[in-house]
Each structure stands twice: as C-alpha cells, then as structure tokens.
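Okay, structure_8.tsv now, which holds TSV, C-alpha atoms:
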chain	number	residue	atom	x	y	z
A	1	MET	CA	9.87	2.13	-25.13
A	2	LEU	CA	6.85	0.11	-26.22
A	3	ILE	CA	3.38	1.49	-25.44
A	4	ILE	CA	1.00	-1.41	-24.79
A	5	PRO	CA	-2.76	-0.79	-24.50
A	6	ALA	CA	-4.53	-2.93	-21.91
A	7	ILE	CA	-7.72	-4.81	-22.68
A	8	ASP	CA	-9.24	-6.25	-19.51
A	9	ILE	CA	-12.16	-8.61	-20.08
A	10	LYS	CA	-14.83	-9.12	-17.44
A	11	ASP	CA	-18.13	-10.87	-18.16
A	12	GLY	CA	-17.46	-10.57	-21.90
A	13	ARG	CA	-16.88	-6.81	-21.89
A	14	CYS	CA	-13.83	-4.54	-21.95
A	15	VAL	CA	-13.53	-2.84	-18.57
A	16	ARG	CA	-11.12	-1.02	-16.31
A	17	LEU	CA	-10.95	-1.77	-12.60
A	18	LEU	CA	-10.05	0.63	-9.82
A	19	ARG	CA	-7.13	-0.74	-7.76
A	20	GLY	CA	-7.95	-4.25	-8.97
A	21	ASP	CA	-11.40	-4.32	-7.36
A	22	MET	CA	-13.68	-6.57	-9.44
A	23	ASP	CA	-16.70	-4.77	-7.99
A	24	ARG	CA	-15.43	-1.39	-9.22
A	25	ALA	CA	-15.40	-1.91	-12.96
A	26	THR	CA	-16.12	0.69	-15.62
A	27	VAL	CA	-17.23	-0.66	-19.01
A	28	TYR	CA	-15.61	1.00	-22.03
A	29	PHE	CA	-16.48	-1.43	-24.81
A	30	ASP	CA	-19.28	-3.99	-24.80
A	31	ASN	CA	-17.10	-6.11	-27.08
A	32	PRO	CA	-13.37	-6.36	-26.27
A	33	VAL	CA	-12.64	-7.17	-29.91
A	34	ASP	CA	-13.84	-3.67	-30.79
A	35	ALA	CA	-11.38	-2.29	-28.24
A	36	ALA	CA	-8.57	-4.22	-29.92
A	37	ARG	CA	-9.54	-2.88	-33.33
A	38	HIS	CA	-9.57	0.64	-31.91
A	39	TRP	CA	-6.05	0.45	-30.50
A	40	ILE	CA	-4.59	-1.32	-33.52
A	41	ALA	CA	-5.99	1.45	-35.73
A	42	GLN	CA	-4.07	3.93	-33.58
A	43	GLY	CA	-0.79	2.09	-34.00
A	44	ALA	CA	-0.64	-0.56	-31.28
A	45	ALA	CA	1.79	-3.34	-32.14
A	46	LEU	CA	1.19	-5.32	-28.94
A	47	LEU	CA	-1.92	-5.67	-26.79
A	48	HIS	CA	-2.01	-6.69	-23.13
A	49	VAL	CA	-5.16	-8.80	-22.70
A	50	VAL	CA	-6.29	-9.94	-19.27
A	51	ASP	CA	-9.06	-12.44	-18.64
A	52	LEU	CA	-10.24	-11.04	-15.30
A	53	ASN	CA	-12.78	-13.78	-14.70
A	54	GLY	CA	-10.08	-16.29	-15.51
A	55	ALA	CA	-7.73	-14.73	-12.96
A	56	VAL	CA	-10.33	-15.17	-10.23
A	57	GLU	CA	-11.53	-18.64	-11.29
A	58	GLY	CA	-8.07	-20.00	-11.98
A	59	ARG	CA	-8.83	-21.06	-15.54
A	60	PRO	CA	-9.30	-19.27	-18.89
A	61	VAL	CA	-12.86	-18.02	-19.42
A	62	HIS	CA	-12.76	-15.76	-22.48
A	63	LEU	CA	-10.85	-17.82	-25.05
A	64	ARG	CA	-13.33	-17.06	-27.84
A	65	GLU	CA	-12.75	-13.31	-27.48
A	66	VAL	CA	-8.99	-13.83	-27.24
A	67	GLU	CA	-8.93	-15.85	-30.44
A	68	GLU	CA	-10.85	-13.13	-32.28
A	69	ILE	CA	-8.41	-10.49	-31.04
A	70	CYS	CA	-5.44	-12.58	-32.19
A	71	ARG	CA	-6.90	-12.72	-35.68
A	72	LEU	CA	-6.64	-8.92	-35.97
A	73	GLY	CA	-2.89	-9.13	-36.52
A	74	ALA	CA	-1.30	-7.34	-33.56
A	75	GLY	CA	0.76	-9.23	-31.02
A	76	VAL	CA	-1.14	-10.38	-27.94
A	77	GLN	CA	0.17	-11.14	-24.48
A	78	LEU	CA	-2.48	-12.88	-22.42
A	79	GLY	CA	-2.89	-13.22	-18.67
A	80	GLY	CA	-5.58	-14.47	-16.34
A	81	GLY	CA	-6.05	-18.07	-15.27
A	82	MET	CA	-2.86	-19.34	-16.90
A	83	ARG	CA	-2.14	-21.93	-14.21
A	84	THR	CA	-1.66	-25.19	-16.12
A	85	VAL	CA	0.45	-26.40	-19.04
A	86	ALA	CA	-2.76	-27.18	-20.92
A	87	ALA	CA	-4.11	-23.64	-20.46
A	88	VAL	CA	-0.88	-22.09	-21.74
A	89	GLU	CA	-0.68	-24.50	-24.68
A	90	THR	CA	-4.29	-23.71	-25.63
A	91	ALA	CA	-3.65	-19.95	-25.49
A	92	LEU	CA	-0.55	-20.18	-27.65
A	93	GLY	CA	-2.48	-22.35	-30.08
A	94	LEU	CA	-5.03	-19.56	-30.49
A	95	GLY	CA	-2.30	-17.22	-31.73
A	96	VAL	CA	-1.23	-15.55	-28.50
A	97	ALA	CA	2.38	-14.35	-28.79
A	98	ARG	CA	3.21	-14.81	-25.13
A	99	VAL	CA	1.47	-15.82	-21.95
A	100	VAL	CA	1.54	-13.98	-18.65
A	101	VAL	CA	1.77	-16.20	-15.57
A	102	GLY	CA	0.92	-14.61	-12.24
A	103	THR	CA	-0.31	-16.66	-9.30
A	104	ALA	CA	1.35	-19.85	-10.55
A	105	ALA	CA	4.74	-18.11	-10.65
A	106	TYR	CA	4.40	-17.47	-6.93
A	107	ASP	CA	2.99	-20.70	-5.56
A	108	ARG	CA	4.11	-23.22	-8.21
A	109	PRO	CA	7.72	-22.54	-9.23
A	110	ASP	CA	7.90	-26.07	-10.61
A	111	LEU	CA	5.14	-25.23	-13.08
A	112	LEU	CA	6.87	-22.00	-14.09
A	113	ARG	CA	10.08	-23.93	-14.69
A	114	THR	CA	8.22	-26.42	-16.86
A	115	LEU	CA	6.47	-23.71	-18.87
A	116	CYS	CA	9.68	-21.76	-19.49
A	117	SER	CA	11.41	-24.93	-20.64
A	118	ARG	CA	8.57	-26.05	-22.89
A	119	PHE	CA	7.76	-22.60	-24.35
A	120	PRO	CA	11.07	-20.69	-24.31
A	121	GLY	CA	10.82	-16.94	-24.76
A	122	ARG	CA	7.03	-16.96	-24.52
A	123	ILE	CA	6.44	-16.98	-20.78
A	124	VAL	CA	6.14	-13.64	-19.02
A	125	VAL	CA	5.70	-13.32	-15.27
A	126	GLY	CA	3.22	-10.75	-14.07
A	127	ILE	CA	4.21	-9.50	-10.62
A	128	ASP	CA	1.41	-7.52	-9.06
A	129	ALA	CA	2.35	-5.82	-5.81
A	130	ARG	CA	0.62	-3.94	-3.04
A	131	GLU	CA	3.10	-1.78	-1.09
A	132	GLY	CA	5.94	-3.88	-2.44
A	133	ARG	CA	4.39	-7.25	-1.51
A	134	VAL	CA	3.25	-9.77	-4.10
A	135	ALA	CA	-0.52	-10.09	-4.62
A	136	ILE	CA	-2.07	-13.21	-6.16
A	137	LYS	CA	-5.37	-14.81	-7.23
A	138	GLY	CA	-6.72	-11.84	-9.12
A	139	TRP	CA	-5.25	-9.49	-6.48
A	140	LYS	CA	-7.50	-10.98	-3.82
A	141	GLU	CA	-4.61	-12.08	-1.60
A	142	THR	CA	-1.45	-10.24	-0.56
A	143	THR	CA	1.51	-12.46	0.33
A	144	PRO	CA	4.51	-11.70	2.56
A	145	MET	CA	6.93	-12.06	-0.37
A	146	ASP	CA	8.80	-9.01	-1.63
A	147	ALA	CA	8.32	-8.35	-5.35
A	148	VAL	CA	12.07	-8.23	-5.99
A	149	THR	CA	12.55	-11.66	-4.44
A	150	LEU	CA	9.92	-13.15	-6.74
A	151	ALA	CA	11.36	-11.38	-9.79
A	152	GLN	CA	14.80	-12.83	-9.16
A	153	ARG	CA	13.40	-16.30	-8.61
A	154	CYS	CA	11.38	-16.15	-11.83
A	155	GLU	CA	14.40	-15.01	-13.80
A	156	LYS	CA	16.28	-18.08	-12.60
A	157	GLU	CA	13.37	-20.29	-13.66
A	158	GLY	CA	13.59	-18.94	-17.22
A	159	ALA	CA	10.96	-16.18	-17.49
A	160	SER	CA	11.49	-14.03	-20.59
A	161	ARG	CA	10.44	-10.77	-18.91
A	162	ILE	CA	8.60	-9.29	-15.95
A	163	ILE	CA	5.47	-7.14	-15.94
A	164	TYR	CA	5.43	-5.11	-12.74
A	165	THR	CA	2.10	-3.65	-11.63
A	166	ASP	CA	1.64	-1.38	-8.64
A	167	ILE	CA	-1.91	-2.32	-7.61
A	168	GLY	CA	-2.26	0.75	-5.43
A	169	ARG	CA	-2.01	2.91	-8.53
A	170	ASP	CA	-3.72	0.71	-11.08
A	171	GLY	CA	-6.70	2.47	-12.59
A	172	THR	CA	-6.13	5.60	-10.50
A	173	ARG	CA	-4.16	7.71	-12.98
A	174	GLU	CA	-2.00	8.85	-10.06
A	175	GLY	CA	1.20	8.39	-12.05
A	176	ILE	CA	3.52	5.47	-12.60
A	177	ASN	CA	5.57	4.19	-9.66
A	178	VAL	CA	8.94	4.77	-11.28
A	179	GLU	CA	10.94	4.02	-8.13
A	180	GLU	CA	9.48	0.55	-7.60
A	181	THR	CA	9.70	-0.24	-11.31
A	182	LEU	CA	13.39	0.66	-11.28
A	183	ARG	CA	13.90	-1.43	-8.14
A	184	ILE	CA	12.64	-4.47	-10.03
A	185	ALA	CA	14.57	-3.66	-13.21
A	186	GLY	CA	17.77	-3.21	-11.25
A	187	ALA	CA	17.41	-6.60	-9.60
A	188	VAL	CA	17.10	-8.68	-12.78
A	189	LYS	CA	18.72	-8.88	-16.22
A	190	ILE	CA	15.55	-9.70	-18.17
A	191	PRO	CA	13.35	-6.86	-19.51
A	192	VAL	CA	10.72	-5.26	-17.30
A	193	ILE	CA	7.39	-3.78	-18.42
A	194	ALA	CA	5.86	-1.10	-16.19
A	195	SER	CA	2.15	-1.04	-15.37
A	196	GLY	CA	-0.29	0.78	-13.11
A	197	GLY	CA	-1.13	4.45	-12.72
A	198	VAL	CA	-0.11	6.01	-16.05
A	199	ALA	CA	-1.95	9.31	-16.24
A	200	THR	CA	-0.38	11.70	-18.75
A	201	LEU	CA	2.28	11.91	-21.40
A	202	GLU	CA	4.59	13.10	-18.63
A	203	ASP	CA	4.61	9.52	-17.33
A	204	ILE	CA	5.82	8.37	-20.73
A	205	ARG	CA	8.53	11.03	-20.63
A	206	ARG	CA	9.65	9.80	-17.22
A	207	LEU	CA	9.78	6.20	-18.39
A	208	GLY	CA	11.35	6.81	-21.80
A	209	PRO	CA	14.96	7.18	-20.62
A	210	LEU	CA	14.64	4.04	-18.47
A	211	GLY	CA	14.89	1.81	-21.53
A	212	LYS	CA	18.65	1.77	-20.95
A	213	GLN	CA	18.00	0.43	-17.46
A	214	GLY	CA	15.90	-2.52	-18.59
A	215	VAL	CA	12.39	-1.05	-18.75
A	216	GLU	CA	11.29	-2.03	-22.25
A	217	GLY	CA	7.68	-0.82	-22.24
A	218	VAL	CA	4.62	0.32	-20.35
A	219	ILE	CA	1.06	-0.96	-20.22
A	220	VAL	CA	-1.54	1.80	-20.37
A	221	GLY	CA	-5.20	1.41	-19.50
A	222	ARG	CA	-7.58	4.00	-18.09
A	223	ALA	CA	-5.58	6.99	-19.35
A	224	LEU	CA	-6.20	5.84	-22.92
A	225	TYR	CA	-9.84	4.95	-22.38
A	226	THR	CA	-10.64	8.33	-20.81
A	227	ARG	CA	-8.65	10.22	-23.48
A	228	GLY	CA	-6.04	11.47	-21.03
A	229	PHE	CA	-3.82	11.32	-24.10
A	230	GLU	CA	-3.90	9.69	-27.51
A	231	LEU	CA	-2.13	6.40	-28.13
A	232	ALA	CA	-0.56	7.73	-31.33
A	233	ASP	CA	0.99	10.65	-29.39
A	234	ALA	CA	2.36	8.31	-26.72
A	235	ILE	CA	3.90	6.03	-29.35
A	236	LYS	CA	5.51	8.98	-31.10
A	237	LEU	CA	6.95	10.25	-27.83
A	238	ALA	CA	8.23	6.83	-26.82
A	239	GLU	CA	9.95	6.38	-30.17
A	240	SER	CA	11.99	9.54	-29.53
A	241	TYR	CA	14.05	7.81	-26.82
Show this structure as structure tokens.
Amino acid sequence: MLIIPAIDIKDGRCVRLLRGDMDRATVYFDNPVDAARHWIAQGAALLHVVDLNGAVEGRPVHLREVEEICRLGAGVQLGGGMRTVAAVETALGLGVARVVVGTAAYDRPDLLRTLCSRFPGRIVVGIDAREGRVAIKGWKETTPMDAVTLAQRCEKEGASRIIYTDIGRDGTREGINVEETLRIAGAVKIPVIASGGVATLEDIRRLGPLGKQGVEGVIVGRALYTRGFELADAIKLAESY
C-alpha cells in the first residue's frame, strides 16, 4: 500500500480545499515546492500534485512549480487541466512520471484513447464522484454517469490505473469511503488508488489489506498537513501489509 501525499496548488500556494470548494481553501505552504521537500524528507516516494487553477481553467497554470517539484527526485503524478495531447506531452517533458486525466476522460473518450496509446502506462484517470456520480471541471459539475461505468470505460481505453476520490469526504477527515473504493476496484482489473477523507492511521489499517483486491495506494492530504498522523508512521504501517 503506497502512501501518497497530496500537494494541491492554488494561486501559487499549497492549499487544501474542503469538499472541493475553491472558495474554502486553507493555505499550508506559501511555496508548494517547500511542501514537496517536506514530504520527501519524511519518506514520500510519489507525490500527487494537482493544479487546481488548471482544473478550473482547463489548461495547466502552474508548470513552473511542477517542474521544480520534479527536480527534487520523487515521482510525481500531475492532474489539473490535462485536456490536450500538448498539455500532457509538456507535463511529461518536465519530468512528471504520470499524468492524471479527469474531465477529458469523461467527455472526450477519443482523447483518452489517444493519450493511452501515445503514452502507454503513464495515463491515470482521476474519477471524482459525488454520491457515486462523476463530477467534472474542477468538481463544479456533477454528471449523471455512475463512477463504475466510467472506470470500466477508461480501462477499455487503456488507462493504467484509476484514482477514486469521494468528493463528499475530501478535506473533511471523516474517514475513507472504503465501500465505494472497493466497488470501483471490483469492477476493473487495473489498480485503484483511494482518495478523500483519510483522517487517522485507522484508515490506513482499513485500506492495507485491500491491496489484494486491487487498491494499490491512498492519497492523503489534510490529515498530514494538520498532523493527524505522521507520514513516516503511515508508510511504516502500510509496509506491514
């Protein structure tokens, strides 16, 4: 079970949102590169970086910060505004290990198919859901599509893995939605990464055994930033499964 710290960038700073609301952001680092250094020092092997402004605007906004983070040596998976071949190619050229496609995976399956073919193994689909329904465009719109339906479609198009985020729990520290995460993992053969609501080490304990069911890791945000637990402790616990 891989523990993946989240670094969300809004207006050049590292923030955490509450339930995906751009107007409810708490700043934790004025410079997101400092956040990356902090988590790498505590043992992070992979960082989940989201360009929040990019997600809303539909194009990458914080490429300079992303490039600096990539230079630190840890793996980086980047999401937010990755809606064209050019945007994905630019991100990978900066040193990003893999790119997370969200909105485009929903409304442009042809683009997803092209990306998966052109960059095999490096395209991840981020499925953000509100009460089981897919949300897009920086979580501003909720669609009628069930998250499982989209996950299965993306697997067929060649996605390397799925990141499943329960928006209703994101940033709340109410606990991970294990049931919905397992519903996604059970519907596809590619790995699934859990996200949204991690609060305590107990959440890591609940997720740990699910590695055998296709859940390969978990993205952790606010719980780390508010010192709900230490990253090093979570990594040690996860490695025990």
Residues within 6 Å of segment 90-104 of chain A, all atoms listed in the file, excluding chain neighbours under 4 positions, as a ChimeraX atom specification: /A:67,70,75-79,82-83,108,122-126,136-137
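Taking atom CA of Asp34 of chain A and atom CA of Asp233 of chain A as the two end points, the separation is 20.7 Å.
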Residue neighbourhood Ser240 of chain A, 12 Å, only C-alpha atoms, exclusion window fewer than 4 positions, as a list in words: Met1, Leu2, Ile204, Arg205, Leu207, Gly208, Pro209, Gly211, Asp233, Ala234, Ile235 and Lys236 of chain A
Can you pull out the residues contacting Ala159 of chain A? Cut-off 8 Å, using only C-alpha atoms, and skip same-chain residues under 2 positions away; I want them as a ChimeraX atom specification. /A:112,116,121,123-125,154-157,161-162,190
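Closest approach to Leu46 of chain A from the set A:Thr226, A:Ile69, A:Pro120, A:Pro144 is made by A:Ile69, with distances taken over all atoms listed in the file.
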Take atom CA of Met22 of chain A and atom CA of Ala87 of chain A and report the distance between them in Å, one decimal. 22.5 Å
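Coordinates place atom CA of Ala25 of chain A at a distance of 22.1 Å from atom CA of Asn177 of chain A.
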Can you tell me which residues surround Ala194 of chain A at a distance of at most 10 Å, considering all atoms listed in the file, apart from same-chain residues fewer than 4 positions away, and format the answer as an MDAnalysis selection string? chainID A and resid 3:4 162:166 176:178 180:182 184:185 198 207 215:220
Using only C-alpha atoms, pick whichever of A:Ala199, A:Ala55, A:Val88, A:Ala151 has the shortest atom-to-atom distance to Arg222 of chain A. A:Ala199
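Take the candidates A:Gly81, A:Leu201, A:Arg16, A:Ile40 and check each one against Gly58 of chain A using only C-alpha atoms; the shortest distance goes to A:Gly81.
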